[in-house]
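Below: the structure, in structure tokens.
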Amino acid sequence: MRVLDVGCGLGGSAFLMAREHGVSVHGIDVSANMLASAQERLRAEGLALQVTLVQADVVALPATTRYDVIYSRDVFLHIHDKTRLMALLYDQLLPGGLLFFTDYGRGEGQASAEFVAYIEQRQYDLRTVNGYRVLLDRRVLWKSSRRTIRRI
């Protein structure tokens, strides 16, 4: 099984998936500092045959490699073009593949001025659960003959 770990950071999730489940993980992150530490940990873990770590921006990845699972933990809030993001990720999934991600979100109601200022200061793009559902449903409708997105 091939897994893409978007925003792998220090590699903890990638190492766990490789060690506990025997999968091949390709981790990407935009931070050179995080990846330098992750590379040191990779050598110490002895998982170099199962895990690759590369500095890359997910929205710039070529769709040449396809994955059984795409995993990301709390990274998408930093990406503003979520429609493009979902399209790129979806195109990298193998038929029947699974997109599994967590992200910080926001409630459906009107946000306070303080919260709006906080989000703007950090340049976050927070979505509601329903906002993500709409993005994912759009991908399913457009490409339903190629892949299935499962909700858990």
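Residue numbering restarts at 1 in every chain; chains get A, B, ... in the order shown in the structure tokens, and ligands count up from 1 in that same order.
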Exercise for review: Would you kindly return, as a VMD selection string, each protein, DNA or RNA residue with an atom no farther than 12 Å from any atom of Glu20 of chain A, considering only C-alpha atoms and excluding same-chain residues fewer than 5 positions away?
Suggested key: chain A and resid 12 to 15 47 50
Give me a file of those residues, with N, CA, C and O atoms, as a PDB file, in the first residue's frame.
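Output below, filename result29.pdb:
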```
ATOM      1  N   GLY A  12       6.357  11.717  12.234  1.00  0.00           N
ATOM      2  CA  GLY A  12       5.792  10.774  13.205  1.00  0.00           C
ATOM      3  C   GLY A  12       4.719   9.868  12.645  1.00  0.00           C
ATOM      4  O   GLY A  12       4.758   8.647  12.836  1.00  0.00           O
ATOM      5  N   SER A  13       3.763  10.419  11.932  1.00  0.00           N
ATOM      6  CA  SER A  13       2.684   9.606  11.362  1.00  0.00           C
ATOM      7  C   SER A  13       3.211   8.674  10.277  1.00  0.00           C
ATOM      8  O   SER A  13       2.813   7.511  10.187  1.00  0.00           O
ATOM      9  N   ALA A  14       4.117   9.195   9.454  1.00  0.00           N
ATOM     10  CA  ALA A  14       4.699   8.370   8.386  1.00  0.00           C
ATOM     11  C   ALA A  14       5.445   7.182   8.974  1.00  0.00           C
ATOM     12  O   ALA A  14       5.302   6.043   8.510  1.00  0.00           O
ATOM     13  N   PHE A  15       6.235   7.429  10.017  1.00  0.00           N
ATOM     14  CA  PHE A  15       7.002   6.357  10.645  1.00  0.00           C
ATOM     15  C   PHE A  15       6.070   5.330  11.284  1.00  0.00           C
ATOM     16  O   PHE A  15       6.293   4.131  11.170  1.00  0.00           O
ATOM     17  N   LEU A  47      13.830   3.135   8.717  1.00  0.00           N
ATOM     18  CA  LEU A  47      12.688   2.922   7.814  1.00  0.00           C
ATOM     19  C   LEU A  47      12.912   3.498   6.417  1.00  0.00           C
ATOM     20  O   LEU A  47      11.964   3.710   5.666  1.00  0.00           O
ATOM     21  N   GLN A  50      11.064   2.177   3.455  1.00  0.00           N
ATOM     22  CA  GLN A  50       9.606   2.325   3.415  1.00  0.00           C
ATOM     23  C   GLN A  50       9.135   3.771   3.360  1.00  0.00           C
ATOM     24  O   GLN A  50       8.021   4.040   2.923  1.00  0.00           O
TER      25      GLN A  50
END
```
Check your understanding: Quick one: residues within 9 Å of segment 65-81 of chain A, only C-alpha atoms counted, chain neighbours fewer than 6 positions away excluded, as a ChimeraX atom specification?
Key -> /A:1-8,13,59,89-105,122-127
Exercise for review: Give me, please, the distance in Å between atom CA of Thr128 of chain A and atom CA of Arg106 of chain A, quoted to one decimal.
Suggested key: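 Atom CA of Thr128 of chain A sits 5.0 Å away from atom CA of Arg106 of chain A.
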Exercise for review: Tell me which protein, DNA and RNA residues are within 8 Å of Thr52 of chain A, counting only C-alpha atoms, leaving out same-chain ones fewer than 4 positions away, and put them as a list in words.
Suggested key: Val25, His26, Gly27 and Ala48 of chain A
Review point. Using the chain letters and numbers from this document, which residues of chain A does DSSP assign to helix (DSSP H, G or I), as a VMD selection string?
Key: chain A and resid 12 to 21 32 to 45 58 to 60 76 to 78 82 to 92 113 to 122 129 to 143
